[in-house]
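See below for the structure under consideration.
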Amino acid sequence: MLTSLHASTSGHATMSEIESFLRVKEDKRRDLLKSWGLNGRQTVAWSKLWSVIGLDPDQDESLWEALKAPLLLPSDAAPMVGISVETLNGWCRTNTLPVGFPPPICVGPRKKLWINLDILARRQPEVYADAAGKIRRSRPQWQLPERPSITLDPDLSISTLQKNSSVEVDLANLQGIDPGTDGFMLADIEELIADINAGEEDSSVAESPMMDRVLDMLDREMEAGAATSPRLVTKTALRSLLRTKGQRPENTELSLDLFDAWFPLNGWNRVTMPRISRKVYLSYRKRARAAIARTLGVTRRNEKLRRQRDRCESRRQNGHRKRSGDLTVAE
């Protein structure tokens with residue numbers, strides 16, 4: 001438990017000091033503090049900043065100055081340990097950090113930071129290892145693909161998502177779309193929309209695509225002749241859900257894992273979602289999740305899997321009938 005003495009003597013960080021510490025600009029700093037429940041203040045206790053990045057707020061006094069040092073970007077940390085920035089980012093994307101390598105702190109879709117003292121201990125363990133070993137941590141080590149509780153939207157590429165996502169889970173969780181109710185996927189434009197989605201899936205994309213790709217996909221579907229009304233509602237649904245987390249489509253990672261973690265089936269809460277009823281939440285979740293799945297190509301992948309299973313089952317049954325017929329003739 002953090003005592004009032006520790007809270008006061010560890011000091012307070014000004015807004016400019018917080019921006020320097022987190023390596024962000026003013027607008028991003030406001031978003032981060034708001035998401036952490038620390039907005040609307042002139043200063044923030046260092047103990048609270050340490051807490052939200054996964055450290056115990058009560059740190060050894062000898063570490064205070066070291067833990068107030070600006071966090072390190074990959075471009076800072078990589079040269080210090082003698083590796084390339086690409087190698088470091090690759091370790092993080094694929095969850096292959098070497099044993100003992102300090103885990104990053106994620107404060108954005110592509111922004112990873114490291115505690116200065118942790119990197120120094122990796123570079124010169126004989127000098128800094130003892131001090132780094134005194135850092136008290138309140139959360140387990142960060143890993144992909146699990147979502148750390150300190151992150152807004154950690155770095156996870158589509159390829160990593162597809163390798164680590166269970167098709168069975170996707171099939172069980174995927175909400176179907178009723179063409180008769182929503183007017184989605186009119187028969188005469190199905191093939192055109194599938195081509196649009198396929199082209200989007202096969203094109204070169206950013207390492208961490210954002211949710212605004214869903215809005216772009218819906219706009220292209222409407223331009224191709226798909227029903228406008230349900231897609232406009234879907235765009236509203238996605239924006240409204242993300243707003244409850246203080247997020248926007250353009251700064252939120254495109255990920256079904258992240259969406260499911262933030263918006264589970266039983267995730268409606270009267271306190272955090274006062275403007276959305278439970279019924280509306282479930283409707284919004286269904287629409288938004290289905291659109292995300294289409295954007296990622298998960299829907300097409302699942303449909304292909306179903307067709308393959310149907311063909312296998314049909315062949316199995318045909319083979320069984322043929323064997324039964326041969327047995328009858330032999331008798």
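Each chain of the structure tokens is named A, B, ... in the order shown, its residues numbered from 1; ligands are numbered from 1 in display order.
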Can you list, as a list in words, every protein, DNA or RNA residue that comes within 9 Å of Arg213 (chain A) when you count only C-alpha atoms, leaving out same-chain residues fewer than 6 positions away? Pro249, Glu250, Leu254, Ile292 and Thr295 of chain A
Give me the residues of region 251-288 of chain A that have any atom at most 6 Å from an atom of region 222-243 of chain A; for each, the nearest atom pair and the distance in Å, rounded to one decimal. Use only C-alpha atoms, sort by chain and number, and format it as a tab-separated table.
```
residue	atom	partner	partner_atom	distance
A:Tyr284	CA	A:Ala237	CA	4.7
A:Arg287	CA	A:Thr234	CA	5.5
A:Ala288	CA	A:Leu238	CA	5.3
```
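Across the model, the gap from CA of Asp257 (chain A) to CA of Ser283 (chain A) is 18.7 Å.
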Identify which of the residues A:Val24, A:Ala13, A:Ala121, A:Leu63 lies closest to Ile135 (chain A), counting only C-alpha atoms when measuring atom-to-atom distances. A:Leu63
Here CA of Trp262 (chain A) and CA of Arg30 (chain A) stand apart by 20.6 Å
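The two atoms in question, CA of Tyr128 (chain A) and CA of Ile83 (chain A), are spaced 19.2 Å apart.
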Which residue gives the smallest distance to Val81 (chain A) among A:Arg93, A:Ser47, A:Glu65, A:Leu120, with only C-alpha atoms counted? A:Leu120
Among the residues of region 193-286 of chain A, find those DSSP assigns to helix (DSSP H, G or I) from the backbone and print them as a PDB file with N, CA and C atoms, in the first residue's frame.
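File states-v8.pdb, as written:
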```pdb
ATOM      1  N   ILE A 193     -18.295  -7.199 -54.064  1.00  0.00           N
ATOM      2  CA  ILE A 193     -17.821  -6.857 -52.728  1.00  0.00           C
ATOM      3  C   ILE A 193     -16.732  -7.824 -52.284  1.00  0.00           C
ATOM      4  N   ALA A 194     -16.892  -9.110 -52.627  1.00  0.00           N
ATOM      5  CA  ALA A 194     -15.849 -10.084 -52.280  1.00  0.00           C
ATOM      6  C   ALA A 194     -14.535  -9.715 -52.943  1.00  0.00           C
ATOM      7  N   ASP A 195     -14.603  -9.220 -54.195  1.00  0.00           N
ATOM      8  CA  ASP A 195     -13.393  -8.795 -54.889  1.00  0.00           C
ATOM      9  C   ASP A 195     -12.761  -7.589 -54.213  1.00  0.00           C
ATOM     10  N   ILE A 196     -13.610  -6.669 -53.741  1.00  0.00           N
ATOM     11  CA  ILE A 196     -13.092  -5.494 -53.031  1.00  0.00           C
ATOM     12  C   ILE A 196     -12.351  -5.936 -51.785  1.00  0.00           C
ATOM     13  N   ASN A 197     -12.986  -6.819 -51.008  1.00  0.00           N
ATOM     14  CA  ASN A 197     -12.370  -7.288 -49.768  1.00  0.00           C
ATOM     15  C   ASN A 197     -11.088  -8.067 -50.051  1.00  0.00           C
ATOM     16  N   ALA A 198     -11.113  -8.869 -51.126  1.00  0.00           N
ATOM     17  CA  ALA A 198      -9.925  -9.651 -51.458  1.00  0.00           C
ATOM     18  C   ALA A 198      -8.783  -8.736 -51.845  1.00  0.00           C
ATOM     19  N   GLY A 199      -9.080  -7.701 -52.649  1.00  0.00           N
ATOM     20  CA  GLY A 199      -8.035  -6.765 -53.030  1.00  0.00           C
ATOM     21  C   GLY A 199      -7.478  -6.041 -51.839  1.00  0.00           C
ATOM     22  N   GLU A 200      -8.351  -5.680 -50.888  1.00  0.00           N
ATOM     23  CA  GLU A 200      -7.885  -5.003 -49.679  1.00  0.00           C
ATOM     24  C   GLU A 200      -7.016  -5.912 -48.845  1.00  0.00           C
ATOM     25  N   GLU A 201      -7.401  -7.190 -48.760  1.00  0.00           N
ATOM     26  CA  GLU A 201      -6.661  -8.141 -47.939  1.00  0.00           C
ATOM     27  C   GLU A 201      -5.279  -8.425 -48.529  1.00  0.00           C
ATOM     28  N   ASP A 202      -5.205  -8.463 -49.880  1.00  0.00           N
ATOM     29  CA  ASP A 202      -3.953  -8.829 -50.519  1.00  0.00           C
ATOM     30  C   ASP A 202      -3.015  -7.647 -50.705  1.00  0.00           C
ATOM     31  N   ASP A 212     -10.055   2.485 -38.722  1.00  0.00           N
ATOM     32  CA  ASP A 212     -10.659   3.291 -39.777  1.00  0.00           C
ATOM     33  C   ASP A 212     -10.695   2.550 -41.118  1.00  0.00           C
ATOM     34  N   ARG A 213      -9.926   1.443 -41.225  1.00  0.00           N
ATOM     35  CA  ARG A 213     -10.031   0.612 -42.430  1.00  0.00           C
ATOM     36  C   ARG A 213     -11.418  -0.019 -42.548  1.00  0.00           C
ATOM     37  N   VAL A 214     -12.080  -0.244 -41.415  1.00  0.00           N
ATOM     38  CA  VAL A 214     -13.446  -0.773 -41.451  1.00  0.00           C
ATOM     39  C   VAL A 214     -14.376   0.249 -42.097  1.00  0.00           C
ATOM     40  N   LEU A 215     -14.217   1.512 -41.696  1.00  0.00           N
ATOM     41  CA  LEU A 215     -15.053   2.575 -42.276  1.00  0.00           C
ATOM     42  C   LEU A 215     -14.793   2.697 -43.772  1.00  0.00           C
ATOM     43  N   ASP A 216     -13.519   2.590 -44.163  1.00  0.00           N
ATOM     44  CA  ASP A 216     -13.194   2.658 -45.594  1.00  0.00           C
ATOM     45  C   ASP A 216     -13.844   1.513 -46.362  1.00  0.00           C
ATOM     46  N   MET A 217     -13.815   0.307 -45.789  1.00  0.00           N
ATOM     47  CA  MET A 217     -14.417  -0.847 -46.449  1.00  0.00           C
ATOM     48  C   MET A 217     -15.921  -0.645 -46.626  1.00  0.00           C
ATOM     49  N   LEU A 218     -16.584  -0.141 -45.564  1.00  0.00           N
ATOM     50  CA  LEU A 218     -18.027   0.093 -45.652  1.00  0.00           C
ATOM     51  C   LEU A 218     -18.351   1.137 -46.711  1.00  0.00           C
ATOM     52  N   ASP A 219     -17.527   2.183 -46.808  1.00  0.00           N
ATOM     53  CA  ASP A 219     -17.741   3.204 -47.837  1.00  0.00           C
ATOM     54  C   ASP A 219     -17.602   2.601 -49.235  1.00  0.00           C
ATOM     55  N   ARG A 220     -16.600   1.740 -49.438  1.00  0.00           N
ATOM     56  CA  ARG A 220     -16.421   1.117 -50.750  1.00  0.00           C
ATOM     57  C   ARG A 220     -17.578   0.182 -51.085  1.00  0.00           C
ATOM     58  N   GLU A 221     -18.079  -0.524 -50.085  1.00  0.00           N
ATOM     59  CA  GLU A 221     -19.230  -1.406 -50.329  1.00  0.00           C
ATOM     60  C   GLU A 221     -20.446  -0.595 -50.771  1.00  0.00           C
ATOM     61  N   MET A 222     -20.660   0.561 -50.111  1.00  0.00           N
ATOM     62  CA  MET A 222     -21.800   1.396 -50.507  1.00  0.00           C
ATOM     63  C   MET A 222     -21.609   1.953 -51.913  1.00  0.00           C
ATOM     64  N   GLU A 223     -20.379   2.344 -52.234  1.00  0.00           N
ATOM     65  CA  GLU A 223     -20.105   2.828 -53.590  1.00  0.00           C
ATOM     66  C   GLU A 223     -20.322   1.732 -54.621  1.00  0.00           C
ATOM     67  N   THR A 228     -27.130   1.056 -48.156  1.00  0.00           N
ATOM     68  CA  THR A 228     -26.484   2.170 -47.463  1.00  0.00           C
ATOM     69  C   THR A 228     -26.857   2.231 -45.989  1.00  0.00           C
ATOM     70  N   SER A 229     -28.144   2.117 -45.684  1.00  0.00           N
ATOM     71  CA  SER A 229     -28.612   2.335 -44.311  1.00  0.00           C
ATOM     72  C   SER A 229     -27.918   1.455 -43.275  1.00  0.00           C
ATOM     73  N   PRO A 230     -27.864   0.115 -43.466  1.00  0.00           N
ATOM     74  CA  PRO A 230     -27.228  -0.714 -42.442  1.00  0.00           C
ATOM     75  C   PRO A 230     -25.744  -0.415 -42.272  1.00  0.00           C
ATOM     76  N   ARG A 231     -25.106   0.008 -43.356  1.00  0.00           N
ATOM     77  CA  ARG A 231     -23.676   0.297 -43.255  1.00  0.00           C
ATOM     78  C   ARG A 231     -23.419   1.617 -42.533  1.00  0.00           C
ATOM     79  N   LEU A 232     -24.304   2.572 -42.715  1.00  0.00           N
ATOM     80  CA  LEU A 232     -24.187   3.815 -41.951  1.00  0.00           C
ATOM     81  C   LEU A 232     -24.392   3.539 -40.459  1.00  0.00           C
ATOM     82  N   VAL A 233     -25.345   2.657 -40.156  1.00  0.00           N
ATOM     83  CA  VAL A 233     -25.559   2.279 -38.751  1.00  0.00           C
ATOM     84  C   VAL A 233     -24.319   1.575 -38.201  1.00  0.00           C
ATOM     85  N   THR A 234     -23.697   0.723 -39.026  1.00  0.00           N
ATOM     86  CA  THR A 234     -22.489   0.015 -38.584  1.00  0.00           C
ATOM     87  C   THR A 234     -21.358   0.993 -38.287  1.00  0.00           C
ATOM     88  N   LYS A 235     -21.210   2.017 -39.126  1.00  0.00           N
ATOM     89  CA  LYS A 235     -20.181   3.033 -38.869  1.00  0.00           C
ATOM     90  C   LYS A 235     -20.456   3.760 -37.562  1.00  0.00           C
ATOM     91  N   THR A 236     -21.722   4.081 -37.324  1.00  0.00           N
ATOM     92  CA  THR A 236     -22.099   4.713 -36.052  1.00  0.00           C
ATOM     93  C   THR A 236     -21.824   3.788 -34.884  1.00  0.00           C
ATOM     94  N   ALA A 237     -22.123   2.498 -35.073  1.00  0.00           N
ATOM     95  CA  ALA A 237     -21.919   1.518 -33.999  1.00  0.00           C
ATOM     96  C   ALA A 237     -20.450   1.444 -33.608  1.00  0.00           C
ATOM     97  N   LEU A 238     -19.565   1.346 -34.599  1.00  0.00           N
ATOM     98  CA  LEU A 238     -18.135   1.243 -34.296  1.00  0.00           C
ATOM     99  C   LEU A 238     -17.631   2.490 -33.584  1.00  0.00           C
ATOM    100  N   ARG A 239     -17.996   3.664 -34.098  1.00  0.00           N
ATOM    101  CA  ARG A 239     -17.552   4.909 -33.467  1.00  0.00           C
ATOM    102  C   ARG A 239     -18.079   5.029 -32.044  1.00  0.00           C
ATOM    103  N   SER A 240     -19.355   4.671 -31.845  1.00  0.00           N
ATOM    104  CA  SER A 240     -19.969   4.807 -30.516  1.00  0.00           C
ATOM    105  C   SER A 240     -19.314   3.882 -29.494  1.00  0.00           C
ATOM    106  N   LEU A 241     -19.036   2.642 -29.891  1.00  0.00           N
ATOM    107  CA  LEU A 241     -18.393   1.706 -28.971  1.00  0.00           C
ATOM    108  C   LEU A 241     -16.990   2.180 -28.600  1.00  0.00           C
ATOM    109  N   LEU A 242     -16.219   2.586 -29.600  1.00  0.00           N
ATOM    110  CA  LEU A 242     -14.859   3.043 -29.313  1.00  0.00           C
ATOM    111  C   LEU A 242     -14.868   4.296 -28.445  1.00  0.00           C
ATOM    112  N   ARG A 243     -15.883   5.130 -28.620  1.00  0.00           N
ATOM    113  CA  ARG A 243     -15.970   6.351 -27.812  1.00  0.00           C
ATOM    114  C   ARG A 243     -16.115   6.035 -26.329  1.00  0.00           C
ATOM    115  N   PRO A 249     -11.605   5.469 -34.326  1.00  0.00           N
ATOM    116  CA  PRO A 249     -11.181   4.433 -35.276  1.00  0.00           C
ATOM    117  C   PRO A 249      -9.765   4.638 -35.797  1.00  0.00           C
ATOM    118  N   GLU A 250      -9.381   5.890 -36.005  1.00  0.00           N
ATOM    119  CA  GLU A 250      -8.067   6.136 -36.599  1.00  0.00           C
ATOM    120  C   GLU A 250      -6.900   5.893 -35.651  1.00  0.00           C
ATOM    121  N   ASN A 251      -7.154   5.745 -34.341  1.00  0.00           N
ATOM    122  CA  ASN A 251      -6.033   5.470 -33.427  1.00  0.00           C
ATOM    123  C   ASN A 251      -6.227   4.193 -32.627  1.00  0.00           C
ATOM    124  N   LEU A 256      -9.604  -8.265 -33.919  1.00  0.00           N
ATOM    125  CA  LEU A 256     -10.750  -8.912 -33.281  1.00  0.00           C
ATOM    126  C   LEU A 256     -10.455  -9.241 -31.822  1.00  0.00           C
ATOM    127  N   ASP A 257      -9.216  -9.619 -31.525  1.00  0.00           N
ATOM    128  CA  ASP A 257      -8.855  -9.908 -30.144  1.00  0.00           C
ATOM    129  C   ASP A 257      -9.090  -8.691 -29.256  1.00  0.00           C
ATOM    130  N   LEU A 258      -8.635  -7.531 -29.719  1.00  0.00           N
ATOM    131  CA  LEU A 258      -8.796  -6.304 -28.940  1.00  0.00           C
ATOM    132  C   LEU A 258     -10.275  -5.957 -28.816  1.00  0.00           C
ATOM    133  N   PHE A 259     -11.031  -6.059 -29.908  1.00  0.00           N
ATOM    134  CA  PHE A 259     -12.460  -5.738 -29.873  1.00  0.00           C
ATOM    135  C   PHE A 259     -13.198  -6.646 -28.884  1.00  0.00           C
ATOM    136  N   ASP A 260     -12.896  -7.947 -28.923  1.00  0.00           N
ATOM    137  CA  ASP A 260     -13.565  -8.879 -28.018  1.00  0.00           C
ATOM    138  C   ASP A 260     -13.191  -8.629 -26.559  1.00  0.00           C
ATOM    139  N   ALA A 261     -11.940  -8.204 -26.335  1.00  0.00           N
ATOM    140  CA  ALA A 261     -11.522  -7.910 -24.961  1.00  0.00           C
ATOM    141  C   ALA A 261     -12.233  -6.672 -24.430  1.00  0.00           C
ATOM    142  N   TRP A 262     -12.410  -5.685 -25.284  1.00  0.00           N
ATOM    143  CA  TRP A 262     -13.069  -4.452 -24.855  1.00  0.00           C
ATOM    144  C   TRP A 262     -14.590  -4.576 -24.820  1.00  0.00           C
ATOM    145  N   ARG A 278     -28.500  -1.739 -23.080  1.00  0.00           N
ATOM    146  CA  ARG A 278     -27.930  -3.061 -23.296  1.00  0.00           C
ATOM    147  C   ARG A 278     -28.329  -3.609 -24.670  1.00  0.00           C
ATOM    148  N   LYS A 279     -29.571  -3.372 -25.056  1.00  0.00           N
ATOM    149  CA  LYS A 279     -30.046  -3.859 -26.355  1.00  0.00           C
ATOM    150  C   LYS A 279     -29.261  -3.206 -27.491  1.00  0.00           C
ATOM    151  N   VAL A 280     -29.056  -1.898 -27.391  1.00  0.00           N
ATOM    152  CA  VAL A 280     -28.306  -1.186 -28.419  1.00  0.00           C
ATOM    153  C   VAL A 280     -26.844  -1.650 -28.427  1.00  0.00           C
ATOM    154  N   TYR A 281     -26.274  -1.872 -27.237  1.00  0.00           N
ATOM    155  CA  TYR A 281     -24.885  -2.349 -27.146  1.00  0.00           C
ATOM    156  C   TYR A 281     -24.717  -3.666 -27.898  1.00  0.00           C
ATOM    157  N   LEU A 282     -25.634  -4.613 -27.682  1.00  0.00           N
ATOM    158  CA  LEU A 282     -25.527  -5.915 -28.345  1.00  0.00           C
ATOM    159  C   LEU A 282     -25.680  -5.775 -29.857  1.00  0.00           C
ATOM    160  N   SER A 283     -26.596  -4.884 -30.286  1.00  0.00           N
ATOM    161  CA  SER A 283     -26.783  -4.654 -31.714  1.00  0.00           C
ATOM    162  C   SER A 283     -25.539  -4.011 -32.324  1.00  0.00           C
ATOM    163  N   TYR A 284     -25.011  -2.996 -31.637  1.00  0.00           N
ATOM    164  CA  TYR A 284     -23.800  -2.332 -32.117  1.00  0.00           C
ATOM    165  C   TYR A 284     -22.638  -3.305 -32.171  1.00  0.00           C
ATOM    166  N   ARG A 285     -22.495  -4.140 -31.136  1.00  0.00           N
ATOM    167  CA  ARG A 285     -21.382  -5.091 -31.089  1.00  0.00           C
ATOM    168  C   ARG A 285     -21.466  -6.071 -32.254  1.00  0.00           C
ATOM    169  N   LYS A 286     -22.681  -6.557 -32.524  1.00  0.00           N
ATOM    170  CA  LYS A 286     -22.859  -7.526 -33.609  1.00  0.00           C
ATOM    171  C   LYS A 286     -22.467  -6.914 -34.956  1.00  0.00           C
TER     172      LYS A 286
END
```
For Lys112 (chain A), the nearest of the candidates A:Lys34, A:Lys28, A:Arg136, A:Arg23, counting only C-alpha atoms: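 Of A:Lys34, A:Lys28, A:Arg136, A:Arg23, the one nearest Lys112 (chain A) is A:Arg23, counting only C-alpha atoms.
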With distances taken over only C-alpha atoms, which residue among A:Ala291, A:Ile276, A:Asp310, A:Asp130 lies nearest Ser62 (chain A)?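 Of all the options, A:Asp130 lies closest to Ser62 (chain A).
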